[in-house]
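Shown next: data37.cif, given as mmCIF, C-alpha atoms.
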```
data_target
#
loop_
_atom_site.label_atom_id
_atom_site.label_comp_id
_atom_site.auth_asym_id
_atom_site.auth_seq_id
_atom_site.Cartn_x
_atom_site.Cartn_y
_atom_site.Cartn_z
CA MET Y 1 99.00 75.45 124.63
CA ARG Y 2 100.52 78.81 123.76
CA LEU Y 3 98.55 81.91 122.80
CA ILE Y 4 99.39 84.23 119.93
CA TYR Y 5 97.97 87.73 120.29
CA ARG Y 6 97.35 90.01 117.36
CA ARG Y 7 97.62 93.53 118.74
CA GLN Y 8 96.17 96.55 117.04
CA SER Y 9 98.48 99.57 116.86
CA ARG Y 10 97.50 102.74 118.68
CA SER Y 11 97.01 105.92 116.69
CA LYS Y 12 94.76 108.97 116.71
CA ASN Y 13 92.54 107.53 113.98
CA ASN Y 14 92.93 103.88 114.99
CA PRO Y 15 92.42 103.54 118.78
CA VAL Y 16 93.27 100.23 120.37
CA HIS Y 17 90.30 97.87 120.42
CA PRO Y 18 89.65 96.68 123.97
CA LYS Y 19 89.49 93.02 122.92
CA LEU Y 20 92.50 91.03 121.71
CA GLN Y 21 92.16 88.27 119.18
CA THR Y 22 93.73 85.02 120.35
CA ALA Y 23 94.75 81.95 118.41
CA ARG Y 24 95.28 78.64 120.19
CA VAL Y 25 98.16 76.61 118.78
CA PRO Y 26 99.38 73.17 119.97
CA GLU Y 27 102.76 73.27 121.68
CA ALA Y 28 104.20 70.37 119.66
CA LEU Y 29 103.55 69.03 116.18
CA PRO Y 30 104.20 65.55 114.79
CA PRO Y 31 107.63 65.46 113.10
CA ASP Y 32 106.05 64.28 109.83
CA VAL Y 33 103.17 66.76 109.91
CA LEU Y 34 103.98 68.25 106.48
CA SER Y 35 104.31 64.93 104.68
CA SER Y 36 101.75 62.58 106.22
CA LEU Y 37 98.03 62.39 106.87
CA SER Y 38 98.70 63.69 110.37
CA PHE Y 39 98.63 67.13 108.70
CA PHE Y 40 94.85 66.83 108.30
CA GLN Y 41 94.42 65.74 111.93
CA VAL Y 42 96.34 68.82 113.11
CA MET Y 43 94.49 71.01 110.61
CA THR Y 44 91.11 69.79 111.89
CA LYS Y 45 92.07 70.39 115.52
CA TRP Y 46 93.23 73.93 114.71
CA ILE Y 47 89.97 74.69 112.92
CA GLN Y 48 88.01 73.36 115.90
CA SER Y 49 90.04 75.52 118.31
CA ASN Y 50 89.91 78.59 116.05
CA PRO Y 51 86.52 78.58 114.29
CA PRO Y 52 86.68 80.39 110.93
CA PRO Y 53 84.15 83.08 109.96
CA GLU Y 54 80.83 81.99 108.51
CA CYS Y 55 81.92 83.12 105.04
CA ASP Y 56 84.32 80.15 104.99
CA ARG Y 57 81.49 77.66 105.40
CA VAL Y 58 81.69 76.70 101.73
CA LEU Y 59 85.26 75.52 102.29
CA LEU Y 60 84.37 73.52 105.39
CA ASP Y 61 81.60 71.76 103.45
CA GLN Y 62 84.09 70.81 100.75
CA PHE Y 63 86.58 69.59 103.35
CA ALA Y 64 83.92 67.36 104.90
CA GLN Y 65 83.33 65.67 101.55
CA ALA Y 66 87.02 64.79 101.43
CA GLY Y 67 86.95 63.36 104.96
CA ILE Y 68 88.15 66.46 106.82
CA ASP Y 69 85.10 66.88 109.02
CA VAL Y 70 85.36 69.69 111.54
CA GLN Y 71 82.43 68.31 113.55
CA LYS Y 72 83.59 64.67 113.70
CA GLY Y 73 87.33 65.15 113.38
CA PHE Y 74 89.68 63.52 110.87
CA ASP Y 75 89.86 59.70 110.88
CA PRO Y 76 91.85 58.26 107.94
CA SER Y 77 90.79 54.71 108.85
CA ALA Y 78 87.21 55.64 107.91
CA LEU Y 79 88.14 56.77 104.40
CA GLY Y 80 88.22 54.74 101.20
CA PRO Y 81 91.25 54.29 98.92
CA ALA Y 82 90.20 57.06 96.51
CA LYS Y 83 89.92 59.74 99.21
CA LEU Y 84 93.17 58.65 100.84
CA ALA Y 85 94.95 58.84 97.48
CA GLY Y 86 93.51 62.30 96.87
CA LEU Y 87 94.68 63.56 100.24
CA GLN Y 88 98.17 62.17 99.64
CA ARG Y 89 98.21 63.94 96.28
CA ALA Y 90 97.17 67.17 98.02
CA LEU Y 91 100.10 66.86 100.43
CA GLN Y 92 102.47 66.63 97.46
CA ASP Y 93 100.98 69.36 95.29
CA ALA Y 94 99.73 71.98 97.75
CA PRO Y 95 103.11 73.46 98.81
CA SER Y 96 104.14 74.37 95.26
CA ILE Y 97 100.65 75.70 94.50
CA VAL Y 98 100.81 78.01 97.51
CA GLN Y 99 104.40 79.10 96.91
CA ASN Y 100 103.94 79.80 93.20
CA GLY Y 101 100.25 80.53 92.87
CA PHE Y 102 100.06 84.10 94.17
CA PRO Y 103 100.15 86.68 91.35
CA GLY Y 104 102.99 88.57 93.04
CA TYR Y 105 103.48 92.11 94.19
CA ALA Y 106 100.58 94.36 93.32
CA THR Y 107 102.91 97.33 92.98
CA PHE Y 108 106.66 97.35 92.34
CA ARG Y 109 108.54 100.65 92.25
CA ASN Y 110 112.23 101.41 92.75
CA GLY Y 111 112.77 97.79 93.77
CA TRP Y 112 110.12 97.90 96.54
CA GLY Y 113 107.00 95.79 96.26
CA SER Y 114 103.83 95.46 98.31
CA PHE Y 115 101.20 92.74 98.43
CA SER Y 116 97.53 93.27 97.90
CA PRO Y 117 95.31 92.00 99.39
CA ILE Y 118 96.85 91.59 102.83
CA GLY Y 119 95.31 91.24 106.27
CA THR Y 120 91.79 90.74 104.89
CA TYR Y 121 91.24 88.53 101.84
CA GLY Y 122 87.56 87.93 101.24
CA ASN Y 123 87.31 84.87 99.03
CA GLN Y 124 90.91 85.10 97.75
CA PHE Y 125 91.99 81.97 99.58
CA LEU Y 126 95.19 81.42 97.63
CA ALA Y 127 96.40 84.92 98.50
CA ARG Y 128 95.62 84.26 102.17
CA SER Y 129 97.54 80.97 102.02
CA PHE Y 130 100.55 82.63 100.43
CA ILE Y 131 100.71 85.36 103.07
CA ALA Y 132 100.42 82.73 105.82
CA TYR Y 133 103.29 80.85 104.17
CA SER Y 134 105.57 83.85 103.66
CA GLY Y 135 104.65 86.05 106.62
CA ILE Y 136 102.10 84.62 109.03
CA GLY Y 137 100.10 87.10 111.08
CA ALA Y 138 100.01 89.94 108.54
CA ASN Y 139 98.04 92.95 109.73
CA VAL Y 140 95.67 95.11 107.70
CA PRO Y 141 97.28 98.09 105.88
CA SER Y 142 95.71 100.74 108.10
CA GLU Y 143 97.47 99.13 111.09
CA GLU Y 144 100.73 98.03 109.47
CA ALA Y 145 102.02 98.50 105.92
CA TYR Y 146 104.63 96.11 104.48
CA TYR Y 147 107.10 96.66 101.65
CA ARG Y 148 109.82 94.27 100.47
CA ALA Y 149 112.93 95.07 98.42
CA LEU Y 150 114.54 92.16 96.57
CA THR Y 151 116.63 94.24 94.16
CA ASP Y 152 118.56 97.49 94.03
CA GLY Y 153 117.53 100.52 91.98
CA SER Y 154 118.89 98.99 88.78
CA GLY Y 155 116.93 95.76 89.20
CA LYS Y 156 119.87 93.61 90.33
CA PRO Y 157 119.31 91.20 93.24
CA LEU Y 158 120.64 92.40 96.58
CA THR Y 159 123.80 90.52 97.54
CA GLY Y 160 126.26 90.52 100.40
CA VAL Y 161 129.27 90.87 98.11
CA LYS Y 162 128.29 94.50 97.48
CA SER Y 163 127.60 97.50 99.70
CA TYR Y 164 124.50 99.70 99.48
CA LYS Y 165 123.05 102.95 100.73
CA LEU Y 166 119.40 103.76 101.24
CA HIS Y 167 118.81 107.53 101.27
CA PHE Y 168 115.52 109.03 102.47
CA THR Y 169 114.94 112.72 101.96
CA LYS Y 170 113.02 114.31 104.81
CA GLU Y 171 109.88 114.16 102.69
CA GLN Y 172 110.40 110.48 101.81
CA LEU Y 173 110.62 109.21 105.38
CA PRO Y 174 107.70 106.95 106.34
CA LYS Y 175 104.77 108.97 107.63
CA THR Y 176 103.35 107.33 110.72
CA SER Y 177 101.77 108.13 114.07
CA ALA Y 178 103.75 105.25 115.61
CA PHE Y 179 107.12 104.11 114.17
CA TRP Y 180 108.72 102.30 111.26
CA SER Y 181 111.39 99.62 110.92
CA ILE Y 182 113.56 98.02 108.24
CA ASN Y 183 114.54 94.39 108.73
CA VAL Y 184 117.01 92.17 106.90
CA TYR Y 185 115.58 88.82 105.79
CA ASP Y 186 117.33 85.87 104.19
CA ASN Y 187 116.26 84.29 100.92
CA GLN Y 188 114.12 81.76 102.77
CA LEU Y 189 112.03 84.68 104.08
CA PHE Y 190 113.27 84.27 107.66
CA LEU Y 191 114.77 87.08 109.72
CA ALA Y 192 118.46 87.02 108.80
CA LYS Y 193 121.05 85.71 111.24
CA THR Y 194 124.07 87.97 111.05
CA ALA Y 195 127.48 87.83 112.68
CA ALA Y 196 126.68 91.10 114.45
CA ASP Y 197 123.37 89.67 115.75
CA ARG Y 198 121.67 92.72 114.27
CA ALA Y 199 118.93 92.56 111.65
CA SER Y 200 116.87 95.74 111.99
CA VAL Y 201 116.79 99.48 112.48
CA ARG Y 202 113.81 101.29 113.98
CA SER Y 203 112.76 104.90 114.11
CA ASN Y 204 111.75 104.77 117.79
CA THR Y 205 115.08 103.71 119.34
CA GLY Y 206 116.73 107.13 119.33
CA THR Y 207 119.87 105.66 117.71
CA LEU Y 208 119.38 106.87 114.11
CA ALA Y 209 121.65 109.75 113.04
CA TYR Y 210 119.79 112.12 110.71
CA ASN Y 211 121.51 114.55 108.37
CA PRO Y 212 121.30 118.32 109.07
CA ASP Y 213 118.55 118.72 106.45
CA GLY Y 214 116.41 116.01 108.09
CA SER Y 215 117.26 113.32 105.55
CA LEU Y 216 118.46 109.87 106.58
CA ASP Y 217 121.11 107.52 105.18
CA LEU Y 218 121.08 103.82 106.00
CA PHE Y 219 124.16 101.75 105.18
CA LEU Y 220 124.01 98.09 104.17
CA GLN Y 221 127.50 96.67 104.30
CA GLN Y 222 129.67 94.15 106.12
CA HIS Y 223 131.05 96.52 108.78
CA PRO Y 224 129.43 99.45 110.62
CA PRO Y 225 130.35 102.98 109.47
CA LYS Y 226 132.23 104.80 112.20
CA GLY Y 227 130.03 107.28 114.02
CA LYS Y 228 126.84 106.03 112.33
CA GLU Y 229 126.58 102.53 113.79
CA GLY Y 230 122.88 103.15 114.49
CA ASN Y 231 122.26 103.57 110.74
CA TRP Y 232 123.93 100.28 109.83
CA LEU Y 233 122.46 96.98 108.67
CA PRO Y 234 124.72 93.98 107.96
CA GLU Y 235 123.75 91.83 105.00
CA GLY Y 236 124.35 88.46 103.35
CA GLU Y 237 122.19 86.96 100.63
CA PHE Y 238 119.30 89.10 101.66
CA ASN Y 239 116.20 91.17 101.08
CA LEU Y 240 114.70 94.04 103.05
CA VAL Y 241 111.30 94.50 104.63
CA LEU Y 242 110.06 97.98 105.53
CA ARG Y 243 107.24 98.03 108.06
CA VAL Y 244 105.27 101.18 108.80
CA PHE Y 245 103.15 100.88 111.94
CA ALA Y 246 99.98 102.99 112.11
CA PRO Y 247 100.80 104.59 108.74
CA GLU Y 248 99.31 107.89 107.77
CA PRO Y 249 97.07 107.80 104.66
CA ALA Y 250 99.78 109.35 102.44
CA THR Y 251 101.99 106.31 103.02
CA LEU Y 252 99.25 104.00 101.74
CA ASP Y 253 98.70 105.99 98.55
CA ASN Y 254 99.33 103.76 95.53
CA GLN Y 255 101.50 106.50 94.03
CA TYR Y 256 103.85 106.63 97.05
CA VAL Y 257 107.39 105.70 95.98
CA TRP Y 258 110.15 104.64 98.36
CA PRO Y 259 113.74 105.49 97.49
CA ALA Y 260 115.74 102.74 95.80
CA VAL Y 261 118.50 100.79 97.49
CA MET Y 262 121.61 101.97 95.64
CA GLU Y 263 124.95 100.23 95.28
CA SER Y 264 127.75 102.27 96.86
CA ASN Y 265 131.28 102.06 98.16
CA PRO Y 266 131.49 100.86 101.77
CA ILE Y 267 131.73 103.63 104.37
CA PRO Y 268 134.70 103.04 106.72
#
```
Mind turning this structure into C-alpha coordinates?
Amino acid sequence: MRLIYRRQSRSKNNPVHPKLQTARVPEALPPDVLSSLSFFQVMTKWIQSNPPPECDRVLLDQFAQAGIDVQKGFDPSALGPAKLAGLQRALQDAPSIVQNGFPGYATFRNGWGSFSPIGTYGNQFLARSFIAYSGIGANVPSEEAYYRALTDGSGKPLTGVKSYKLHFTKEQLPKTSAFWSINVYDNQLFLAKTAADRASVRSNTGTLAYNPDGSLDLFLQQHPPKGKEGNWLPEGEFNLVLRVFAPEPATLDNQYVWPAVMESNPIP
(Lines of atoms letter the chains of each structure in order from A and count residues from 1; the text may use other names and numbers.)
(Lines give C-alpha, C1' and ligand atoms only; values in the text may rest on other atoms or scores of the structure.)
Protein backbone atom coordinates (compact mmCIF):
# COMPACT_ATOMS: atom_id res chain seq x y z
CA MET A 1 0.00 0.00 0.00
CA ARG A 2 1.46 3.36 -0.97
CA LEU A 3 0.41 6.70 0.51
CA ILE A 4 -0.25 9.86 -1.48
CA TYR A 5 0.08 13.05 0.53
CA ARG A 6 -1.62 16.28 -0.42
CA ARG A 7 0.55 19.03 1.01
CA GLN A 8 -0.66 22.54 1.61
CA SER A 9 1.69 25.29 0.44
CA ARG A 10 3.19 27.63 3.00
CA SER A 11 2.49 31.34 2.75
CA LYS A 12 1.89 34.28 5.05
CA ASN A 13 -1.88 34.05 4.60
CA ASN A 14 -2.03 30.27 4.21
CA PRO A 15 0.06 28.60 6.96
CA VAL A 16 0.71 24.90 6.67
CA HIS A 17 -1.98 22.85 8.38
CA PRO A 18 -0.40 20.49 10.90
CA LYS A 19 -2.32 17.47 9.56
CA LEU A 20 -1.68 15.90 6.16
CA GLN A 21 -4.44 14.27 4.19
CA THR A 22 -3.57 10.74 3.11
CA ALA A 23 -5.10 8.53 0.46
CA ARG A 24 -4.54 4.78 0.52
CA VAL A 25 -4.14 3.25 -2.92
CA PRO A 26 -3.55 -0.45 -3.77
CA GLU A 27 -0.08 -1.15 -5.13
CA ALA A 28 -1.33 -3.19 -8.10
CA LEU A 29 -4.51 -3.14 -10.15
CA PRO A 30 -6.04 -5.91 -12.26
CA PRO A 31 -4.88 -5.56 -15.90
CA ASP A 32 -8.50 -5.39 -17.10
CA VAL A 33 -9.65 -2.95 -14.41
CA LEU A 34 -10.96 -0.37 -16.91
CA SER A 35 -12.93 -2.82 -19.01
CA SER A 36 -14.34 -5.43 -16.64
CA LEU A 37 -16.49 -5.64 -13.53
CA SER A 38 -13.30 -5.74 -11.48
CA PHE A 39 -13.43 -1.93 -11.79
CA PHE A 40 -16.35 -1.86 -9.34
CA GLN A 41 -14.54 -4.17 -6.91
CA VAL A 42 -11.52 -1.84 -6.90
CA MET A 43 -13.79 1.20 -6.70
CA THR A 44 -15.59 -0.22 -3.66
CA LYS A 45 -12.33 -1.02 -1.88
CA TRP A 46 -11.02 2.49 -2.51
CA ILE A 47 -14.20 4.03 -1.11
CA GLN A 48 -13.94 1.81 1.96
CA SER A 49 -10.29 2.84 2.49
CA ASN A 50 -10.97 6.52 1.77
CA PRO A 51 -14.46 7.33 3.12
CA PRO A 52 -16.06 10.22 1.21
CA PRO A 53 -17.62 13.21 3.00
CA GLU A 54 -21.16 12.90 4.27
CA CYS A 55 -22.41 15.16 1.46
CA ASP A 56 -21.71 12.29 -0.95
CA ARG A 57 -24.10 9.98 0.86
CA VAL A 58 -26.72 10.41 -1.86
CA LEU A 59 -24.28 8.91 -4.37
CA LEU A 60 -23.40 5.97 -2.13
CA ASP A 61 -27.11 5.19 -1.72
CA GLN A 62 -27.52 5.15 -5.50
CA PHE A 63 -24.45 2.94 -5.90
CA ALA A 64 -25.88 0.45 -3.42
CA GLN A 65 -29.04 0.12 -5.51
CA ALA A 66 -26.88 -0.85 -8.47
CA GLY A 67 -25.00 -3.46 -6.44
CA ILE A 68 -22.00 -1.32 -5.46
CA ASP A 69 -22.47 -1.56 -1.72
CA VAL A 70 -19.76 0.12 0.31
CA GLN A 71 -20.81 -1.74 3.47
CA LYS A 72 -21.02 -5.24 1.95
CA GLY A 73 -18.56 -4.87 -0.90
CA PHE A 74 -19.13 -5.61 -4.58
CA ASP A 75 -20.15 -9.17 -5.51
CA PRO A 76 -21.20 -9.55 -9.18
CA SER A 77 -22.38 -13.12 -8.56
CA ALA A 78 -25.16 -11.73 -6.35
CA LEU A 79 -26.54 -9.45 -9.07
CA GLY A 80 -29.24 -10.18 -11.62
CA PRO A 81 -28.85 -9.92 -15.41
CA ALA A 82 -30.35 -6.42 -15.62
CA LYS A 83 -27.93 -4.89 -13.10
CA LEU A 84 -24.95 -6.67 -14.66
CA ALA A 85 -25.94 -5.37 -18.10
CA GLY A 86 -26.29 -1.86 -16.71
CA LEU A 87 -22.86 -1.97 -15.11
CA GLN A 88 -21.31 -3.23 -18.36
CA ARG A 89 -23.00 -0.36 -20.18
CA ALA A 90 -21.57 2.06 -17.62
CA LEU A 91 -18.06 0.75 -18.28
CA GLN A 92 -18.52 1.48 -21.98
CA ASP A 93 -20.16 4.90 -21.71
CA ALA A 94 -18.57 6.50 -18.65
CA PRO A 95 -15.12 7.32 -20.14
CA SER A 96 -16.53 9.39 -22.99
CA ILE A 97 -19.01 11.09 -20.65
CA VAL A 98 -16.19 12.14 -18.33
CA GLN A 99 -13.83 13.18 -21.12
CA ASN A 100 -16.42 15.20 -23.04
CA GLY A 101 -18.92 16.20 -20.39
CA PHE A 102 -17.11 19.06 -18.66
CA PRO A 103 -18.16 22.48 -20.00
CA GLY A 104 -14.54 23.47 -20.59
CA TYR A 105 -12.37 26.32 -19.46
CA ALA A 106 -14.24 28.89 -17.43
CA THR A 107 -11.99 31.64 -18.73
CA PHE A 108 -9.88 31.70 -21.88
CA ARG A 109 -7.67 34.70 -22.62
CA ASN A 110 -4.60 35.03 -24.84
CA GLY A 111 -4.64 31.27 -25.34
CA TRP A 112 -4.55 30.51 -21.59
CA GLY A 113 -7.49 28.81 -19.93
CA SER A 114 -8.36 27.92 -16.35
CA PHE A 115 -10.88 25.48 -14.91
CA SER A 116 -13.57 26.37 -12.45
CA PRO A 117 -14.45 24.76 -10.13
CA ILE A 118 -11.22 23.05 -9.12
CA GLY A 119 -10.07 21.55 -5.84
CA THR A 120 -13.53 21.78 -4.26
CA TYR A 121 -16.61 20.86 -6.29
CA GLY A 122 -19.69 20.72 -4.11
CA ASN A 123 -22.26 18.68 -6.01
CA GLN A 124 -20.61 19.18 -9.42
CA PHE A 125 -19.59 15.54 -9.69
CA LEU A 126 -18.90 15.57 -13.41
CA ALA A 127 -16.43 18.44 -13.00
CA ARG A 128 -14.71 16.54 -10.19
CA SER A 129 -14.49 13.43 -12.39
CA PHE A 130 -13.01 15.39 -15.28
CA ILE A 131 -10.32 16.96 -13.11
CA ALA A 132 -9.46 13.53 -11.67
CA TYR A 133 -9.19 12.23 -15.24
CA SER A 134 -7.08 15.09 -16.61
CA GLY A 135 -5.06 16.11 -13.56
CA ILE A 136 -5.60 14.04 -10.43
CA GLY A 137 -4.84 15.71 -7.12
CA ALA A 138 -5.75 19.27 -8.10
CA ASN A 139 -5.38 21.75 -5.25
CA VAL A 140 -7.71 24.62 -4.37
CA PRO A 141 -6.94 27.96 -6.10
CA SER A 142 -5.71 29.70 -2.95
CA GLU A 143 -3.00 27.03 -2.65
CA GLU A 144 -2.20 26.43 -6.31
CA ALA A 145 -3.58 28.08 -9.46
CA TYR A 146 -3.49 26.24 -12.81
CA TYR A 147 -3.55 27.65 -16.33
CA ARG A 148 -3.20 25.71 -19.58
CA ALA A 149 -2.23 27.04 -23.03
CA LEU A 150 -3.25 24.92 -26.02
CA THR A 151 -2.83 27.62 -28.67
CA ASP A 152 -0.63 30.58 -29.49
CA GLY A 153 -1.79 34.20 -29.42
CA SER A 154 -3.47 33.87 -32.81
CA GLY A 155 -5.49 30.82 -31.78
CA LYS A 156 -3.39 28.25 -33.65
CA PRO A 157 -2.54 24.98 -31.86
CA LEU A 158 0.96 24.81 -30.43
CA THR A 159 3.19 22.55 -32.52
CA GLY A 160 6.77 21.38 -32.47
CA VAL A 161 7.38 22.38 -36.09
CA LYS A 162 7.38 26.04 -35.01
CA SER A 163 9.31 28.05 -32.44
CA TYR A 164 7.72 30.35 -29.85
CA LYS A 165 8.56 32.99 -27.29
CA LEU A 166 6.66 33.76 -24.11
CA HIS A 167 7.42 37.28 -22.87
CA PHE A 168 6.44 38.41 -19.37
CA THR A 169 6.81 42.06 -18.49
CA LYS A 170 7.90 42.61 -14.90
CA GLU A 171 4.30 43.41 -14.00
CA GLN A 172 2.96 40.27 -15.73
CA LEU A 173 5.12 37.79 -13.85
CA PRO A 174 3.10 35.48 -11.57
CA LYS A 175 2.59 37.05 -8.16
CA THR A 176 3.20 34.49 -5.46
CA SER A 177 4.62 34.09 -1.98
CA ALA A 178 6.13 30.75 -3.03
CA PHE A 179 7.10 30.03 -6.67
CA TRP A 180 5.69 29.32 -10.11
CA SER A 181 6.48 26.81 -12.85
CA ILE A 182 5.67 26.18 -16.52
CA ASN A 183 5.57 22.57 -17.68
CA VAL A 184 5.35 21.04 -21.15
CA TYR A 185 2.63 18.41 -21.52
CA ASP A 186 1.86 16.15 -24.46
CA ASN A 187 -1.53 15.92 -26.12
CA GLN A 188 -2.51 13.01 -23.89
CA LEU A 189 -2.17 15.36 -20.90
CA PHE A 190 0.95 13.61 -19.58
CA LEU A 191 4.20 15.40 -18.76
CA ALA A 192 6.06 15.49 -22.06
CA LYS A 193 9.05 13.24 -22.66
CA THR A 194 11.66 15.25 -24.52
CA ALA A 195 15.03 14.35 -26.00
CA ALA A 196 16.65 16.80 -23.57
CA ASP A 197 14.85 15.17 -20.61
CA ARG A 198 13.62 18.63 -19.68
CA ALA A 199 9.96 19.57 -19.39
CA SER A 200 9.74 22.52 -17.00
CA VAL A 201 11.14 25.83 -15.84
CA ARG A 202 10.67 27.12 -12.30
CA SER A 203 11.13 30.49 -10.67
CA ASN A 204 12.88 29.09 -7.59
CA THR A 205 15.85 27.36 -9.25
CA GLY A 206 18.00 30.46 -9.75
CA THR A 207 18.59 29.52 -13.40
CA LEU A 208 16.22 31.97 -15.12
CA ALA A 209 17.90 34.92 -16.86
CA TYR A 210 15.79 38.07 -16.51
CA ASN A 211 16.12 41.09 -18.77
CA PRO A 212 17.58 44.35 -17.37
CA ASP A 213 14.07 45.83 -16.96
CA GLY A 214 12.91 42.82 -14.91
CA SER A 215 10.97 41.20 -17.74
CA LEU A 216 11.44 37.55 -18.68
CA ASP A 217 11.59 35.73 -22.03
CA LEU A 218 11.01 31.99 -22.25
CA PHE A 219 11.93 30.20 -25.48
CA LEU A 220 10.04 27.18 -26.79
CA GLN A 221 12.08 25.62 -29.57
CA GLN A 222 14.01 22.50 -30.51
CA HIS A 223 17.44 23.66 -29.30
CA PRO A 224 18.46 25.81 -26.30
CA PRO A 225 19.38 29.46 -26.98
CA LYS A 226 23.02 30.06 -26.20
CA GLY A 227 23.49 31.82 -22.90
CA LYS A 228 19.82 31.44 -21.92
CA GLU A 229 19.58 27.67 -21.51
CA GLY A 230 17.72 28.19 -18.22
CA ASN A 231 14.91 29.97 -20.10
CA TRP A 232 14.45 27.16 -22.61
CA LEU A 233 11.68 24.58 -22.98
CA PRO A 234 11.83 21.94 -25.72
CA GLU A 235 8.55 21.06 -27.38
CA GLY A 236 6.84 18.50 -29.60
CA GLU A 237 3.09 18.20 -30.10
CA PHE A 238 2.47 19.97 -26.86
CA ASN A 239 0.60 22.27 -24.53
CA LEU A 240 1.76 24.30 -21.55
CA VAL A 241 0.66 24.34 -17.93
CA LEU A 242 1.47 27.31 -15.72
CA ARG A 243 1.26 26.59 -12.00
CA VAL A 244 1.37 29.35 -9.41
CA PHE A 245 1.94 28.05 -5.89
CA ALA A 246 0.55 30.12 -3.01
CA PRO A 247 -0.67 32.78 -5.46
CA GLU A 248 -1.35 36.29 -4.29
CA PRO A 249 -4.98 37.46 -4.68
CA ALA A 250 -4.16 39.56 -7.77
CA THR A 251 -3.18 36.40 -9.66
CA LEU A 252 -6.60 34.86 -8.96
CA ASP A 253 -8.51 37.90 -10.21
CA ASN A 254 -10.78 36.88 -13.09
CA GLN A 255 -9.49 39.87 -15.08
CA TYR A 256 -5.83 38.77 -14.82
CA VAL A 257 -4.43 38.11 -18.30
CA TRP A 258 -1.28 36.11 -19.01
CA PRO A 259 0.83 37.03 -22.02
CA ALA A 260 0.22 34.98 -25.16
CA VAL A 261 2.64 32.40 -26.50
CA MET A 262 3.86 34.01 -29.73
CA GLU A 263 5.37 32.34 -32.78
CA SER A 264 8.94 33.52 -33.38
CA ASN A 265 12.14 32.66 -35.17
CA PRO A 266 14.35 30.22 -33.24
CA ILE A 267 17.08 31.84 -31.15
CA PRO A 268 20.50 30.28 -31.93
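Using all atoms listed in the file for every distance, the candidate list Y:Ile118, Y:Val98, Y:Leu240, Y:Leu208 yields Y:Leu240 as the residue closest to Ala192 in chain Y.
Here the PyMOL selection byres ((chain Y and resi 251-254) around 10) matches the residues Ala106, Thr107, Ser114, Pro141, Ser142, Glu144, Ala145, Tyr146, Gln172, Leu173, Pro174, Lys175, Thr176, Val244, Ala246, Pro247, Glu248, Pro249, Ala250, Gln255, Tyr256, Val257 and Trp258 of chain Y.
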Exercise for review: Select, from Y:Ile182, Y:Leu60, Y:Ile267, Y:Leu191, the residue with the minimum atom-to-atom distance to Gly135 in chain Y, counting only C-alpha atoms.
Suggested key: Y:Leu191
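For Leu126 in chain Y, the set of protein, DNA and RNA residues having any atom at most 9 Å away, when counting all atoms listed in the file and skipping those fewer than 2 positions along the same chain, is Ile97, Val98, Gly101, Phe102, Asn123, Gln124, Arg128, Ser129, Phe130 and Ile131 of chain Y.
Of the residues listed (Y:Lys156, Y:Ala178, Y:Tyr147, Y:Gln62), Y:Ala178 shows the shortest atom-to-atom separation from Asn204 in chain Y; distances use all atoms listed in the file.
Against the coordinates shown, the PyMOL selection byres ((chain Y and resi 73) around 9) returns Gln41, Thr44, Lys45, Gln48, Gly67, Ile68, Asp69, Val70, Gln71, Lys72, Phe74 and Asp75 of chain Y.
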Check your understanding: In terms of the shortest atom-to-atom distance over all atoms listed in the file, which of Y:Ala195, Y:Leu34, Y:Leu91, Y:Leu166 is closest to Met262 in chain Y?
Key -> Y:Leu166
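If you apply the PyMOL selection byres ((chain Y and resi 210) around 12) to this structure, you end up with His167, Phe168, Thr169, Lys170, Leu173, Ser203, Gly206, Thr207, Leu208, Ala209, Asn211, Pro212, Asp213, Gly214, Ser215, Leu216, Asp217, Leu218, Gly227, Lys228, Gly230 and Asn231 of chain Y.
The spacing separating CA of Val42 in chain Y from CA of Gly137 in chain Y amounts to 18.8 Å.
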